[in-house]
Amino acid sequence: MCGIVAYIGPNQAYNFLIKGLQRLEYRGYDSAGIALIENNEIKVYKEHGKVQDLVDKINGKIISGNIGIGHTRWATHGEPNQINAHPHLSGNGELAVIHNGIIENYATLKEVLEKSGHVFKSDTDTEVLIHLIEEIKSQENCSLFEAVRLALNEVVGAYAIVILSNNDPDTIIGARKGSPLVIGIGNNVGEYFMASDATPIIEYTRKVTYLNDNEIAEIKKGQLVVKTIENKEKTPFIQNLEISLEAIEKGGFEHFMLKEIFEQPKSIHDSFRGRIDSKDLKIEMRSLNEFENKIKNLKRIIIVACGTSWHAGLVGEYLFEDFARIPVEVEYASEFRYRNPVLYPEDLVIAISQSGETADTLAALELAKKSGATVFGVCNVVGSSIPRMTDAGAYTHAGPEIGVASTKAFTAQVTVLVLLALGFAQRRGSISDSKLRNILQEMERIPAKVDKVLKSSETIIKEISEKYYNVRNFLYLGRGYNFPVALEGALKLKEISYIHAEGYPAAEMKHGPIALIDEEMPVVVIATQNEIYEKALSNIQEVKARKGKIIAIVTENDEKVKNLAEFCIEIPETEDALAPLLSTIPLQLLSYHIAVLRGCNVDQPRNLAKSVTVE
């Protein structure tokens, strides 16, 4: 969940480290720190709070060094403060480490090390790791690389680490297991970058290699060597980054979240561009062709995901069952492997993740692979762990998403799931040509309709936000394809405004939540016109009878709901299966504007991080 950066090369490291941490701050912002080697001495600067607090603390000091590491923290072990901030030093002060992940057996290791005379200054699991490396290096009288390798063989848990030594000022070591680490190859001789993802690196180089699990990278005297923790040398695969620097800047918007909401016409289009042909009824995705026989004979699909991706998976459940007539189960990845699930080799397991590094989802995939099931990934980040682990998959092409609360990733995931469900249906013969043509043609119109919602709804959403930004509770109701949208709308409001909100299937309101409704309770109802529209009207009447305040998402020119609701937000008419791509947009904007009025940090909400790389 934390963000890590490192530099070694002919230039000064400080500017890259600070700028890199600012770009990675969406991964954690409890504290920040850097360490550089100056005159064969490790100098550490760290501060509780955001990266800017660290910059303010350093301001005025002369800092130099051609090798350095940096860290922005999302706290796991030990409260957020300066002592627990990374980097952490070994007991003798000769080694420094930054770490993203959790060392699960740190308490056992710490007890053994304390008996050997080690004294710890922090409450973190990370400090235990660097003391362990120090102990092994001393006892075995070995190289730093060998000490790191031996230490990692004793570690249980997840990690991406980078280590410096003042005795090896031309060496930097990185390793990973379960947490991401990318290495950039600079344009200057002997210049290398390391980071949790590519966003800090793209300004300096496009050539990168991604470490795999249980691999250790040593950069020494300008040369990169990659080995496994079993000491087997590997040839790193060098690839070119496809993202642009402009994609990770705000582009004139006040917040990344607002920028990403307004990017959805493009991100949805990019997610189906080149993959569909409504005239010839083609859905061209390599994975569909490679697994055509598997698709034709599928008996069950299991979707595993977390958070917003889980909500996209729920939409996928409706899509696959509606079009392809395949039974679907949608599982929280965080619970999946702990309940001894029943899996068969004939199953298809689909993992959905924006980052491709979600720890729980990766663990679920490992279990699925062991059972012999085919595993499929839907992911946004090229080169991330899930695409490398799965048998096949599809990228969403949403582009970088910096705001912690996911927006365009959700609609991109739903777009790809629509294509997959239709592709499965076509290959199984469970959808007519006329229905397939209608949906594909409508999909091509969706980006323009999303753009229309963005332009037409912001004024009324600002009015709604001004009226309700101080309430304590919201209820979100939806039916059918819009039930997952209700869940997602409630999650967005909770994440960035800290207002308690719950999403429910509209009919379930009578089974408990209706007890909460009074004149103080805003109830968001997604009541677009479809075959269950009259049912939604009945639910609105039930809320009105208890003096609840109705905020309705309706189809354009709806008159029935307008007579009942305090506010109506109109969206264009569309196919029922594509409705989530439109109905979710006003809910994203509503959450955003309420959070702004409440003075919340929209892009970096408290206690959250973008990429959940620990369990």
# chains A, B, ... in the order shown; residues from 1 in each chain; ligands from 1
call {"tool": "select_by_dssp", "arguments": {"residues": "region 345-521 of chain A", "states": "alpha helix (DSSP H)", "output": "PyMOL selection string"}}
result
chain A and resi 359-371+385-389+408-428+433-468+483-497
call {"tool": "select_by_dssp", "arguments": {"residues": "region 303-353 of chain A", "states": "strand (DSSP E or B)", "output": "short mmCIF file (atom, residue, chain, number, x, y, z; two decimals) with C-alpha atoms, in the first residue's frame"}}
result
data_model
loop_
_atom_site.label_atom_id
_atom_site.label_comp_id
_atom_site.auth_asym_id
_atom_site.auth_seq_id
_atom_site.Cartn_x
_atom_site.Cartn_y
_atom_site.Cartn_z
CA ILE A 303 -15.60 -13.51 -10.25
CA VAL A 304 -13.20 -12.43 -7.50
CA ALA A 305 -12.54 -8.79 -6.66
CA VAL A 328 -21.93 -16.78 -11.98
CA GLU A 329 -20.74 -16.37 -8.42
CA VAL A 330 -19.20 -13.08 -7.30
CA GLU A 331 -16.82 -13.42 -4.37
CA TYR A 332 -14.99 -11.01 -2.13
CA LEU A 348 -13.39 -20.02 -15.14
CA VAL A 349 -12.20 -17.62 -12.45
CA ILE A 350 -12.21 -13.94 -13.44
CA ALA A 351 -10.15 -11.56 -11.30
CA ILE A 352 -10.93 -7.84 -11.54
CA SER A 353 -8.45 -5.26 -10.25
#
call {"tool": "residues_around", "arguments": {"residues": "Ser406 (chain A)", "least_positions_apart": "2", "cutoff": "12 Å", "atoms": "only C-alpha atoms", "output": "VMD selection string"}}
result
chain A and resid 26 256 to 261 264 306 to 312 353 to 355 380 398 400 to 404 408 to 413 488 to 489 491 to 493 495 to 496 584 to 585 588 591 to 592 602 to 605 608 to 611
call {"tool": "write_last_selection", "arguments": {"atoms": "C-alpha atoms", "output": "PDB file, in the first residue's frame"}}
result
ATOM      1  CA  TYR A  26      -2.017   8.165  -3.470  1.00  0.00           C
ATOM      2  CA  PHE A 256      -7.527  14.158  -9.970  1.00  0.00           C
ATOM      3  CA  MET A 257     -10.899  12.616  -9.104  1.00  0.00           C
ATOM      4  CA  LEU A 258     -12.819  15.284 -11.031  1.00  0.00           C
ATOM      5  CA  LYS A 259     -10.432  14.952 -13.976  1.00  0.00           C
ATOM      6  CA  GLU A 260     -10.924  11.193 -14.000  1.00  0.00           C
ATOM      7  CA  ILE A 261     -14.718  11.506 -13.814  1.00  0.00           C
ATOM      8  CA  GLN A 264     -14.854   8.640 -18.807  1.00  0.00           C
ATOM      9  CA  CYS A 306     -12.495  -6.175  -3.891  1.00  0.00           C
ATOM     10  CA  GLY A 307     -14.177  -2.808  -3.373  1.00  0.00           C
ATOM     11  CA  THR A 308     -15.233  -0.991  -6.516  1.00  0.00           C
ATOM     12  CA  SER A 309     -14.005  -3.889  -8.666  1.00  0.00           C
ATOM     13  CA  TRP A 310     -16.348  -6.188  -6.719  1.00  0.00           C
ATOM     14  CA  HIS A 311     -19.248  -3.916  -7.667  1.00  0.00           C
ATOM     15  CA  ALA A 312     -18.175  -4.139 -11.318  1.00  0.00           C
ATOM     16  CA  SER A 353      -8.451  -5.264 -10.252  1.00  0.00           C
ATOM     17  CA  GLN A 354      -7.597  -1.712 -11.246  1.00  0.00           C
ATOM     18  CA  SER A 355      -3.980  -1.937 -10.122  1.00  0.00           C
ATOM     19  CA  ASN A 380      -5.828  -1.607 -15.967  1.00  0.00           C
ATOM     20  CA  ALA A 398      -8.684   3.463 -18.599  1.00  0.00           C
ATOM     21  CA  PRO A 400      -3.651   6.035 -14.981  1.00  0.00           C
ATOM     22  CA  GLU A 401      -6.095   6.600 -12.143  1.00  0.00           C
ATOM     23  CA  ILE A 402      -4.521   8.714  -9.405  1.00  0.00           C
ATOM     24  CA  GLY A 403      -7.560   9.574  -7.261  1.00  0.00           C
ATOM     25  CA  VAL A 404      -7.862   7.016  -4.475  1.00  0.00           C
ATOM     26  CA  LYS A 408     -13.167   5.692 -14.490  1.00  0.00           C
ATOM     27  CA  ALA A 409     -11.764   2.274 -13.576  1.00  0.00           C
ATOM     28  CA  PHE A 410     -15.303   1.139 -12.637  1.00  0.00           C
ATOM     29  CA  THR A 411     -16.899   2.141 -15.938  1.00  0.00           C
ATOM     30  CA  ALA A 412     -13.932   0.748 -17.897  1.00  0.00           C
ATOM     31  CA  GLN A 413     -14.259  -2.581 -16.078  1.00  0.00           C
ATOM     32  CA  GLU A 488     -20.924   1.814  -5.720  1.00  0.00           C
ATOM     33  CA  GLY A 489     -22.607   5.191  -5.176  1.00  0.00           C
ATOM     34  CA  LEU A 491     -19.126   3.500  -1.360  1.00  0.00           C
ATOM     35  CA  LYS A 492     -17.990   6.654  -3.175  1.00  0.00           C
ATOM     36  CA  LEU A 493     -19.810   8.875  -0.673  1.00  0.00           C
ATOM     37  CA  GLU A 495     -14.826   7.028   0.871  1.00  0.00           C
ATOM     38  CA  ILE A 496     -14.388  10.720   0.217  1.00  0.00           C
ATOM     39  CA  THR A 584     -23.035   5.823 -11.978  1.00  0.00           C
ATOM     40  CA  ILE A 585     -21.831   9.190 -13.358  1.00  0.00           C
ATOM     41  CA  GLN A 588     -19.673  10.054  -8.679  1.00  0.00           C
ATOM     42  CA  SER A 591     -19.929  12.329  -3.901  1.00  0.00           C
ATOM     43  CA  TYR A 592     -17.284  14.660  -5.250  1.00  0.00           C
ATOM     44  CA  VAL A 602     -10.912  14.347  -2.245  1.00  0.00           C
ATOM     45  CA  ASP A 603      -7.907  12.684  -3.857  1.00  0.00           C
ATOM     46  CA  GLN A 604      -6.412  11.316  -0.639  1.00  0.00           C
ATOM     47  CA  PRO A 605      -9.234  10.391   1.760  1.00  0.00           C
ATOM     48  CA  LEU A 608      -7.272   4.804   2.470  1.00  0.00           C
ATOM     49  CA  ALA A 609      -4.693   3.945  -0.163  1.00  0.00           C
ATOM     50  CA  LYS A 610      -5.101   3.369  -3.868  1.00  0.00           C
ATOM     51  CA  SER A 611      -3.495  -0.028  -4.243  1.00  0.00           C
TER      52      SER A 611
END
call {"tool": "closest_residue", "arguments": {"among": "A:Leu578, A:Ile37, A:Val471, A:Ala147", "to": "Glu94 (chain A)", "atoms": "only C-alpha atoms"}}
result
A:Ile37
call {"tool": "closest_atom_pairs", "arguments": {"of": "region 244-318 of chain A", "to": "region 436-445 of chain A", "cutoff": "10 Å", "atoms": "only C-alpha atoms", "output": "tab-separated table"}}
result
residue	atom	partner	partner_atom	distance
A:Pro265	CA	A:Arg445	CA	10.0
A:Ile268	CA	A:Met443	CA	9.2
A:His269	CA	A:Glu444	CA	7.6
A:Phe272	CA	A:Glu444	CA	8.4
A:Arg273	CA	A:Glu444	CA	8.9
A:Ile276	CA	A:Leu440	CA	7.2
A:Asp277	CA	A:Leu440	CA	7.5
A:Ser278	CA	A:Leu440	CA	5.2
A:Lys279	CA	A:Arg437	CA	7.4
A:Asp280	CA	A:Arg437	CA	8.7
A:Leu281	CA	A:Arg437	CA	6.3
A:Lys282	CA	A:Leu440	CA	9.2
A:Ile283	CA	A:Leu440	CA	9.1
call {"tool": "atom_distance", "arguments": {"atom1": "CA of Gly274 (chain A)", "atom2": "CA of Glu357 (chain A)"}}
result
26.4 Å
call {"tool": "decode", "arguments": {"residues": "region 12-41 of chain A", "atoms": "N, CA and C atoms", "output": "PDB file, in the first residue's frame"}}
result
ATOM      1  N   GLN A  12      21.969  14.003  -9.103  1.00  0.00           N
ATOM      2  CA  GLN A  12      21.546  14.097  -7.716  1.00  0.00           C
ATOM      3  C   GLN A  12      20.198  13.383  -7.543  1.00  0.00           C
ATOM      4  N   ALA A  13      20.063  12.626  -6.489  1.00  0.00           N
ATOM      5  CA  ALA A  13      18.878  11.785  -6.291  1.00  0.00           C
ATOM      6  C   ALA A  13      17.696  12.549  -5.706  1.00  0.00           C
ATOM      7  N   TYR A  14      17.945  13.634  -4.985  1.00  0.00           N
ATOM      8  CA  TYR A  14      16.912  14.256  -4.156  1.00  0.00           C
ATOM      9  C   TYR A  14      15.663  14.641  -4.960  1.00  0.00           C
ATOM     10  N   ASN A  15      15.856  15.342  -6.078  1.00  0.00           N
ATOM     11  CA  ASN A  15      14.687  15.827  -6.826  1.00  0.00           C
ATOM     12  C   ASN A  15      13.822  14.683  -7.320  1.00  0.00           C
ATOM     13  N   PHE A  16      14.456  13.616  -7.819  1.00  0.00           N
ATOM     14  CA  PHE A  16      13.667  12.469  -8.274  1.00  0.00           C
ATOM     15  C   PHE A  16      12.906  11.846  -7.109  1.00  0.00           C
ATOM     16  N   LEU A  17      13.561  11.697  -5.960  1.00  0.00           N
ATOM     17  CA  LEU A  17      12.912  11.053  -4.815  1.00  0.00           C
ATOM     18  C   LEU A  17      11.678  11.835  -4.383  1.00  0.00           C
ATOM     19  N   ILE A  18      11.803  13.143  -4.248  1.00  0.00           N
ATOM     20  CA  ILE A  18      10.672  13.955  -3.786  1.00  0.00           C
ATOM     21  C   ILE A  18       9.551  13.964  -4.810  1.00  0.00           C
ATOM     22  N   LYS A  19       9.893  14.193  -6.070  1.00  0.00           N
ATOM     23  CA  LYS A  19       8.855  14.208  -7.102  1.00  0.00           C
ATOM     24  C   LYS A  19       8.196  12.834  -7.220  1.00  0.00           C
ATOM     25  N   GLY A  20       9.011  11.789  -7.104  1.00  0.00           N
ATOM     26  CA  GLY A  20       8.456  10.441  -7.162  1.00  0.00           C
ATOM     27  C   GLY A  20       7.504  10.152  -6.025  1.00  0.00           C
ATOM     28  N   LEU A  21       7.852  10.584  -4.817  1.00  0.00           N
ATOM     29  CA  LEU A  21       6.964  10.375  -3.672  1.00  0.00           C
ATOM     30  C   LEU A  21       5.666  11.149  -3.843  1.00  0.00           C
ATOM     31  N   GLN A  22       5.746  12.339  -4.411  1.00  0.00           N
ATOM     32  CA  GLN A  22       4.516  13.107  -4.644  1.00  0.00           C
ATOM     33  C   GLN A  22       3.612  12.397  -5.629  1.00  0.00           C
ATOM     34  N   ARG A  23       4.197  11.743  -6.628  1.00  0.00           N
ATOM     35  CA  ARG A  23       3.382  11.012  -7.603  1.00  0.00           C
ATOM     36  C   ARG A  23       2.821   9.718  -7.016  1.00  0.00           C
ATOM     37  N   LEU A  24       3.488   9.190  -6.000  1.00  0.00           N
ATOM     38  CA  LEU A  24       3.043   7.936  -5.380  1.00  0.00           C
ATOM     39  C   LEU A  24       2.233   8.167  -4.106  1.00  0.00           C
ATOM     40  N   GLU A  25       1.953   9.409  -3.785  1.00  0.00           N
ATOM     41  CA  GLU A  25       1.332   9.677  -2.494  1.00  0.00           C
ATOM     42  C   GLU A  25      -0.071   9.093  -2.379  1.00  0.00           C
ATOM     43  N   TYR A  26      -0.703   8.800  -3.513  1.00  0.00           N
ATOM     44  CA  TYR A  26      -2.017   8.165  -3.470  1.00  0.00           C
ATOM     45  C   TYR A  26      -1.947   6.759  -2.873  1.00  0.00           C
ATOM     46  N   ARG A  27      -0.745   6.199  -2.758  1.00  0.00           N
ATOM     47  CA  ARG A  27      -0.580   4.868  -2.179  1.00  0.00           C
ATOM     48  C   ARG A  27      -0.477   4.906  -0.655  1.00  0.00           C
ATOM     49  N   GLY A  28      -0.316   6.084  -0.084  1.00  0.00           N
ATOM     50  CA  GLY A  28      -0.191   6.224   1.358  1.00  0.00           C
ATOM     51  C   GLY A  28       0.330   7.604   1.692  1.00  0.00           C
ATOM     52  N   TYR A  29      -0.196   8.199   2.752  1.00  0.00           N
ATOM     53  CA  TYR A  29       0.188   9.581   3.057  1.00  0.00           C
ATOM     54  C   TYR A  29       0.142   9.851   4.550  1.00  0.00           C
ATOM     55  N   ASP A  30       0.566   8.834   5.337  1.00  0.00           N
ATOM     56  CA  ASP A  30       0.655   9.005   6.789  1.00  0.00           C
ATOM     57  C   ASP A  30       1.972   9.659   7.203  1.00  0.00           C
ATOM     58  N   SER A  31       3.039   9.340   6.468  1.00  0.00           N
ATOM     59  CA  SER A  31       4.357   9.899   6.746  1.00  0.00           C
ATOM     60  C   SER A  31       5.220   9.697   5.505  1.00  0.00           C
ATOM     61  N   ALA A  32       6.369  10.367   5.479  1.00  0.00           N
ATOM     62  CA  ALA A  32       7.242  10.269   4.317  1.00  0.00           C
ATOM     63  C   ALA A  32       8.685  10.427   4.766  1.00  0.00           C
ATOM     64  N   GLY A  33       9.594   9.838   3.987  1.00  0.00           N
ATOM     65  CA  GLY A  33      11.005   9.956   4.324  1.00  0.00           C
ATOM     66  C   GLY A  33      11.900   9.588   3.172  1.00  0.00           C
ATOM     67  N   ILE A  34      13.149  10.043   3.247  1.00  0.00           N
ATOM     68  CA  ILE A  34      14.153   9.693   2.257  1.00  0.00           C
ATOM     69  C   ILE A  34      15.468   9.380   2.971  1.00  0.00           C
ATOM     70  N   ALA A  35      16.324   8.641   2.303  1.00  0.00           N
ATOM     71  CA  ALA A  35      17.684   8.399   2.780  1.00  0.00           C
ATOM     72  C   ALA A  35      18.624   8.493   1.591  1.00  0.00           C
ATOM     73  N   LEU A  36      19.753   9.174   1.783  1.00  0.00           N
ATOM     74  CA  LEU A  36      20.757   9.304   0.738  1.00  0.00           C
ATOM     75  C   LEU A  36      22.127   8.983   1.335  1.00  0.00           C
ATOM     76  N   ILE A  37      23.017   8.533   0.479  1.00  0.00           N
ATOM     77  CA  ILE A  37      24.398   8.329   0.912  1.00  0.00           C
ATOM     78  C   ILE A  37      25.197   9.579   0.547  1.00  0.00           C
ATOM     79  N   GLU A  38      25.686  10.261   1.575  1.00  0.00           N
ATOM     80  CA  GLU A  38      26.510  11.449   1.405  1.00  0.00           C
ATOM     81  C   GLU A  38      27.855  11.201   2.071  1.00  0.00           C
ATOM     82  N   ASN A  39      28.915  11.224   1.272  1.00  0.00           N
ATOM     83  CA  ASN A  39      30.262  11.013   1.814  1.00  0.00           C
ATOM     84  C   ASN A  39      30.339   9.709   2.620  1.00  0.00           C
ATOM     85  N   ASN A  40      29.815   8.652   2.014  1.00  0.00           N
ATOM     86  CA  ASN A  40      29.841   7.315   2.623  1.00  0.00           C
ATOM     87  C   ASN A  40      29.092   7.246   3.954  1.00  0.00           C
ATOM     88  N   GLU A  41      28.132   8.133   4.152  1.00  0.00           N
ATOM     89  CA  GLU A  41      27.305   8.119   5.353  1.00  0.00           C
ATOM     90  C   GLU A  41      25.837   8.193   4.933  1.00  0.00           C
TER      91      GLU A  41
END
